[in-house]
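The structure appears below as structure tokens.
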Amino acid sequence: MKDREPRVSRLLPLFLLLLSVVGHTDIISDLARKPDVLSAKLSPKGNYLGVLREQDDERTVVFFSFPSMKPLSVMQFPGRNEVGDFWWVNDDRVIASILFERDQFESELSWGELYGMNADGTKGEHLFGLRAGGDVNSMPRRTQVKRDEIGSAQLLDPLWDDPRHVLIEIVNWSRGYNLVVESARMDVYSGKLSDRKIGPASNAQIVADRKGQPRFAFSVSDSQEQVVHYRDPDTGQWEELSRTPYGDRKLIPQSLLDDGRIAVLYEPEGKPAGLYLMDPKTQEKVPVYQHERVDASPRFDWQDRIFGVRLDDGMPSFAITDAEHPLGALSAQLPKVFPDRYAAVVNSTHDFRLSVIGVEDDDHTTEYYLYDTASRQMSLLFDSRPWIDDGRLPTMRPVSFSARDGVVLQGYLSLPPGSDGKNLPLVLVPHGGPHGPRDYWGSGWESFIPASGYAMLQINYRGSGGYGTDFERSGFRKWTTAMQDDLTDGVKWAIAEGIADPERICIHGWSYGGFAAVMSIIREPDLYKCAIAGAGVYDQDEQYRNADFADQTRWGRKYMDKVIGPSEEDRRAASPMNYVDRIRTPLLLVHGTEDNRVPIEHAYHLIDAYRKAGRTPPELIELPKEFHSPNNPKNLERWYRATIQFIEQHIGKP
């Protein structure tokens, strides 16, 4: 290693002793457990380190003095309350969001409450929310504000020049769909509010400048348009900056420069989202960074200055946009220190002397390091999941192939440890969404499949996010046709390459992936030997009527009109339950009982369709108390084990 590059050492601080390292069980149990450490954040001057942890199914923040790593305090709430996330707001104090659990649900919920505490554990105060001014575990009451109202809040800006106040966004709950949004300054010790400013549209998300003044607001119109408003700093008036129908090219403000220009994500004709600088008056846009295939994801320092962009073109990479920035210079060195892994700055002190570095990998659990600029020393802080044997994790490599119509698709192939990648039993795992999400390199929830010995293929089929609006829009109204063809073509590519044994192929997906699993065995009955469908959309009319986004928003059904089609016939044609007579492949269903995004009635309707067709219905595994994304480790383990057992039953053990 060159002398000017950071040096890596293994610093095992005291709090590593607090991590729950247990004896080895098996890889499915290990992967079903939640990460022990979720994030680590240095205080502005580097005197403290706060660590967000989850242990025994409870999220807390542990504070340490730095660099001694002496434990100082724990932010921990009574009863079924826990920390959602936390943010430093001055050198000694943090604000945290509060989550709570109800007996009938496994996932944590939020009322938009905020809590403040000093790093040494003193001056704890419930600052905003239904229970503000009292015990976190007390009964709900009105918020601690001047007017008679109830609402929720989130942190917008720490206001670093004002150590006593932060800027928050308040959503008033009193008007149904028309939720009034305001910005306000909040005293971080008392919760007192001042300088309240109303946003330009209901349900808007406000973006402020470095002085804490609202400058932008994002909202979704009743017609399912993304609307961006701009607030003139001289007049204080809101003006509409852009109105973009869903599926059209994006213009998303990111931060404000000192010269008045705006850093924006913008999609020029035929290209993915790049980083541009825009004049708010003329709307002239100057490119800073534009990739040919994938969207750019800006990274910010504590002053909202952009120093680079993350790119996910196969393997993740980082492009420096400001080489003079201390974090830009550090980011340029990280690939040399962590070759074949992705390392990025998570957090830094305000003088950039110390930085927390997150390191992601396919065959290692996420690790966090501390980098000291003065000594050029990179020290291991902790492993987020220390109980997992990294030697049992799969390897993952980017792949690409041409679909039948010539469209080039990207994806990822995961191989079991020690595999030569030839003639393997294969499981195709289409991601959920489908529009917006995409698959990324690295260890995800799906890794239990290759860790159990099966090759796994993931494909960013047309309609996926991350490749620009044109690619995402190319999947609209093609859920049952071109998007399915992309999955089929990916499997046939793996067979032609000698990777997959054509007689030992299954498919498993969640959400849209569950829909795709069932539709795949309808369209390709001879390709798959089994299918496991989780939380899938099997009845588009059910989704149109009762999914949370369709039932509780004014634009939800218009979204479905856009991506499925506006007529009952369109929804019928895109409902797998109407094609059960074509299914010959063994199918297993998994669903959360409290799923409000894709209600469990989808599974019931599919089972009823089997019965009406005189067919034996598939088994349904119901995960109790779970929403759309299962949360309880016991439920996750049950789902994972049932999936592997079903795969083994139909294509054998690996």
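Numbering starts fresh at 1 for the residues of each chain in the structure tokens, the chains themselves are lettered A, B, ... in the order given, and ligands are numbered from 1 as they appear.
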field: Distance query segment 305-313 of chain A at most 7 Å, only C-alpha atoms, self and fewer than 4 positions along chain excluded, as a list in words
entry: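 The filter keeps Val294, Asp295, Ala296, Ser297, Pro298, Arg299, Phe300, Asp301, Ser317, Phe318, Ala319, Ile320, Thr321, Asp322, His325, Leu327 and Gly328 of chain A.
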message: When you look at Glu648 of chain A with a cut-off of 12 Å (counting only C-alpha atoms), what residues show up, excluding the ones that are within fewer than 6 positions of it in the same chain? I need them as an NGL selection string.
response: :A and (425-427 or 449 or 452-454 or 504-506 or 529-531 or 641-642 or 654)
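Among the candidates A:Glu594, A:Pro253, A:Ala184, A:Asp248, the residue lying nearest to Phe218 of chain A is A:Pro253 (atoms considered: only C-alpha atoms).
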- prompt: Can you tell me, as a ChimeraX atom specification, what residues are no more than 7 Å from Ser65 of chain A when counting only C-alpha atoms, ignoring any on the same chain fewer than 5 positions away?
  reply: /A:47-49,70-72
message: Using only C-alpha atoms for the distances, tell me which of A:Tyr559, A:Tyr115, A:Tyr604, A:Tyr538 is nearest to Pro576 of chain A.
response: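 Ranking A:Tyr559, A:Tyr115, A:Tyr604, A:Tyr538 by distance to Pro576 of chain A, first place goes to A:Tyr538.
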message: as a ChimeraX atom specification, please: the residues near Val188 of chain A (cut-off 7 Å, only C-alpha atoms, same-chain neighbours under 3 positions excluded).
response: /A:116,164-166,191
message: So, with only C-alpha atoms as the atoms that count, which of A:Gly652, A:Gly468, A:Pro287, A:Pro630 lies closest to Ala32 of chain A?
response: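 Closest to Ala32 of chain A, using only C-alpha atoms: A:Pro630.
Comparing the minimum interatomic distances between Leu265 of chain A and each of A:Asp570, A:Leu251, A:Asn578, A:Met278, counting only C-alpha atoms, we find that A:Leu251 sits nearest.
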- prompt: Quick one: DSSP strand (DSSP E) residues in segment 205-337 of chain A, as a PyMOL selection string?
  reply: chain A and resi 205-208+214-220+225-231+238-245+251-256+262-266+274-278+285-289+297-300+306-313+315-320
field: One-decimal distance in Å that lies between atom CA of Asp340 of chain A and atom CA of Arg397 of chain A
entry: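 One can read the atom CA of Arg397 of chain A to atom CA of Asp340 of chain A distance as 10.7 Å.
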message: Could you list, as a VMD selection string, every residue within 8 Å of Val345 of chain A, counting only C-alpha atoms and ignoring same-chain residues fewer than 2 positions away?
response: chain A and resid 327 331 343 347 to 348 355 to 358
Residue contacts of Leu354 of chain A (6 Å, only C-alpha atoms) excluding same-chain residues fewer than 5 positions away, as a count of residues only: 4
Can you pull out the residues contacting Ile95 of chain A? Cut-off 10 Å, using only C-alpha atoms, and skip same-chain residues under 5 positions away; I want them as a PDB file with N, CA and C atoms, in the first residue's frame.
ATOM      1  N   ASP A  85     -34.684   6.628  14.508  1.00  0.00           N
ATOM      2  CA  ASP A  85     -33.377   7.093  14.058  1.00  0.00           C
ATOM      3  C   ASP A  85     -32.997   8.274  14.931  1.00  0.00           C
ATOM      4  N   PHE A  86     -31.767   8.750  14.790  1.00  0.00           N
ATOM      5  CA  PHE A  86     -31.329   9.891  15.595  1.00  0.00           C
ATOM      6  C   PHE A  86     -30.400  10.783  14.783  1.00  0.00           C
ATOM      7  N   TRP A  87     -30.316  12.078  15.200  1.00  0.00           N
ATOM      8  CA  TRP A  87     -29.509  13.065  14.492  1.00  0.00           C
ATOM      9  C   TRP A  87     -28.854  14.003  15.507  1.00  0.00           C
ATOM     10  N   TRP A  88     -27.570  14.243  15.324  1.00  0.00           N
ATOM     11  CA  TRP A  88     -26.911  15.269  16.126  1.00  0.00           C
ATOM     12  C   TRP A  88     -27.440  16.642  15.704  1.00  0.00           C
ATOM     13  N   VAL A  89     -27.760  17.490  16.698  1.00  0.00           N
ATOM     14  CA  VAL A  89     -28.252  18.838  16.388  1.00  0.00           C
ATOM     15  C   VAL A  89     -27.343  19.919  16.959  1.00  0.00           C
ATOM     16  N   ASN A  90     -26.448  19.564  17.840  1.00  0.00           N
ATOM     17  CA  ASN A  90     -25.331  20.427  18.232  1.00  0.00           C
ATOM     18  C   ASN A  90     -24.244  19.507  18.786  1.00  0.00           C
ATOM     19  N   LEU A 114     -40.928  13.351  18.255  1.00  0.00           N
ATOM     20  CA  LEU A 114     -39.510  13.667  18.376  1.00  0.00           C
ATOM     21  C   LEU A 114     -39.124  13.764  19.848  1.00  0.00           C
ATOM     22  N   TYR A 115     -37.918  13.247  20.143  1.00  0.00           N
ATOM     23  CA  TYR A 115     -37.409  13.232  21.508  1.00  0.00           C
ATOM     24  C   TYR A 115     -35.995  13.784  21.508  1.00  0.00           C
ATOM     25  N   GLY A 116     -35.636  14.574  22.513  1.00  0.00           N
ATOM     26  CA  GLY A 116     -34.301  15.150  22.619  1.00  0.00           C
ATOM     27  C   GLY A 116     -33.578  14.671  23.862  1.00  0.00           C
ATOM     28  N   MET A 117     -32.245  14.493  23.751  1.00  0.00           N
ATOM     29  CA  MET A 117     -31.442  14.074  24.900  1.00  0.00           C
ATOM     30  C   MET A 117     -29.993  14.463  24.670  1.00  0.00           C
ATOM     31  N   ASN A 118     -29.280  14.789  25.738  1.00  0.00           N
ATOM     32  CA  ASN A 118     -27.847  15.017  25.653  1.00  0.00           C
ATOM     33  C   ASN A 118     -27.101  13.687  25.619  1.00  0.00           C
ATOM     34  N   GLY A 124     -33.341  14.755  29.017  1.00  0.00           N
ATOM     35  CA  GLY A 124     -34.234  14.045  28.112  1.00  0.00           C
ATOM     36  C   GLY A 124     -35.608  14.685  28.106  1.00  0.00           C
ATOM     37  N   GLU A 125     -36.160  14.941  26.932  1.00  0.00           N
ATOM     38  CA  GLU A 125     -37.434  15.645  26.830  1.00  0.00           C
ATOM     39  C   GLU A 125     -38.185  15.188  25.585  1.00  0.00           C
ATOM     40  N   HIS A 126     -39.449  14.829  25.780  1.00  0.00           N
ATOM     41  CA  HIS A 126     -40.331  14.508  24.649  1.00  0.00           C
ATOM     42  C   HIS A 126     -40.769  15.841  24.037  1.00  0.00           C
ATOM     43  N   LEU A 127     -40.259  16.158  22.853  1.00  0.00           N
ATOM     44  CA  LEU A 127     -40.364  17.511  22.315  1.00  0.00           C
ATOM     45  C   LEU A 127     -41.603  17.745  21.460  1.00  0.00           C
ATOM     46  N   LEU A 155     -37.443  15.916  11.126  1.00  0.00           N
ATOM     47  CA  LEU A 155     -36.363  16.888  11.107  1.00  0.00           C
ATOM     48  C   LEU A 155     -36.023  17.264   9.669  1.00  0.00           C
ATOM     49  N   PRO A 158     -30.649  20.646  10.857  1.00  0.00           N
ATOM     50  CA  PRO A 158     -30.159  20.885  12.220  1.00  0.00           C
ATOM     51  C   PRO A 158     -29.863  22.355  12.518  1.00  0.00           C
ATOM     52  N   VAL A 166     -33.738  23.710  15.686  1.00  0.00           N
ATOM     53  CA  VAL A 166     -33.696  22.944  14.453  1.00  0.00           C
ATOM     54  C   VAL A 166     -34.916  23.345  13.627  1.00  0.00           C
ATOM     55  N   VAL A 188     -34.624  22.818  20.768  1.00  0.00           N
ATOM     56  CA  VAL A 188     -34.233  21.420  20.975  1.00  0.00           C
ATOM     57  C   VAL A 188     -34.244  21.023  22.448  1.00  0.00           C
ATOM     58  N   TYR A 189     -34.489  21.976  23.345  1.00  0.00           N
ATOM     59  CA  TYR A 189     -34.556  21.672  24.771  1.00  0.00           C
ATOM     60  C   TYR A 189     -35.981  21.727  25.318  1.00  0.00           C
TER      61      TYR A 189
END
- prompt: With only C-alpha atoms as the atoms that count, which of A:Ser223, A:Ser447, A:Asn596, A:Ser520 lies nearest to Met483 of chain A?
  reply: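 Using only C-alpha atoms, the shortest distance to Met483 of chain A belongs to A:Ser520.
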Within 8 Å of segment 381-395 of chain A, which residues of segment 23-92 of chain A come that close, and what is the closest atom pair and distance in Å for each? Count only C-alpha atoms and give it as CSV.
residue,atom,partner,partner_atom,distance
A:Gly23,CA,A:Trp387,CA,7.3
A:His24,CA,A:Trp387,CA,6.9
A:Ile27,CA,A:Arg392,CA,7.3
A:Asp30,CA,A:Ile388,CA,6.0
A:Leu31,CA,A:Ile388,CA,7.6
A:Lys34,CA,A:Arg385,CA,8.0
A:Pro35,CA,A:Arg385,CA,5.2
A:Asp36,CA,A:Ser384,CA,5.5
A:Val37,CA,A:Ser384,CA,4.8
A:Leu38,CA,A:Ser384,CA,6.9
Output of the above residues as a compact mmCIF listing (two decimals), in the first residue's frame, restricted to N, CA, C and O atoms:
# COMPACT_ATOMS: atom_id res chain seq x y z
N GLY A 23 -23.26 -18.46 19.64
CA GLY A 23 -22.70 -19.62 18.97
C GLY A 23 -23.40 -19.88 17.65
O GLY A 23 -24.59 -19.59 17.49
N HIS A 24 -22.70 -20.47 16.72
CA HIS A 24 -23.24 -20.72 15.40
C HIS A 24 -24.45 -21.65 15.47
O HIS A 24 -24.45 -22.66 16.15
N ILE A 27 -27.29 -21.15 8.84
CA ILE A 27 -27.23 -19.92 8.06
C ILE A 27 -28.60 -19.28 7.91
O ILE A 27 -28.72 -18.05 7.87
N ASP A 30 -29.29 -17.44 11.06
CA ASP A 30 -28.40 -16.29 11.13
C ASP A 30 -28.89 -15.15 10.24
O ASP A 30 -28.87 -13.98 10.64
N LEU A 31 -29.32 -15.47 9.03
CA LEU A 31 -29.75 -14.43 8.09
C LEU A 31 -31.12 -13.87 8.44
O LEU A 31 -31.45 -12.75 8.02
N LYS A 34 -32.04 -9.69 12.61
CA LYS A 34 -31.80 -8.31 12.19
C LYS A 34 -30.36 -7.90 12.51
O LYS A 34 -29.76 -8.42 13.46
N PRO A 35 -29.79 -6.97 11.74
CA PRO A 35 -28.45 -6.48 12.07
C PRO A 35 -28.40 -5.93 13.49
O PRO A 35 -29.35 -5.31 13.96
N ASP A 36 -27.29 -6.16 14.16
CA ASP A 36 -27.12 -5.69 15.53
C ASP A 36 -26.84 -4.19 15.55
O ASP A 36 -27.29 -3.48 16.45
N VAL A 37 -26.10 -3.71 14.59
CA VAL A 37 -25.75 -2.29 14.50
C VAL A 37 -26.30 -1.75 13.19
O VAL A 37 -26.04 -2.29 12.13
N LEU A 38 -27.08 -0.68 13.28
CA LEU A 38 -27.75 -0.11 12.11
C LEU A 38 -27.04 1.11 11.56
O LEU A 38 -27.06 1.36 10.35
task: Could you tell me how far atom CA of Gly411 of chain A lies from atom CA of Asp439 of chain A, in Å and to one decimal?
output: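 That distance, rounded to one decimal, is 7.2 Å.
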message: Please compute the atom CA of Tyr461 of chain A-atom CA of Trp479 of chain A distance, one decimal, in Å.
response: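 So the two atoms, atom CA of Tyr461 of chain A and atom CA of Trp479 of chain A, lie 10.4 Å apart.
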- prompt: as a list in words, which residues of segment 256-460 of chain A does DSSP assign to helix (DSSP H, G or I)?
  reply: Pro326, Leu327, Gly328, Ala329, Leu330, Ser331, Ala332, Gln333, Leu334, Pro335, Lys336, Val337, Asp390, Gly391, Arg392, Trp445, Glu446, Ser447, Phe448, Ile449, Pro450 and Ala451 of chain A
message: Measuring between only C-alpha atoms, which one of A:Ala455, A:Val429, A:Val264, A:Val227 shows the shortest distance to Lys653 of chain A?
response: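 So, comparing all the options, the nearest one is A:Ala455.
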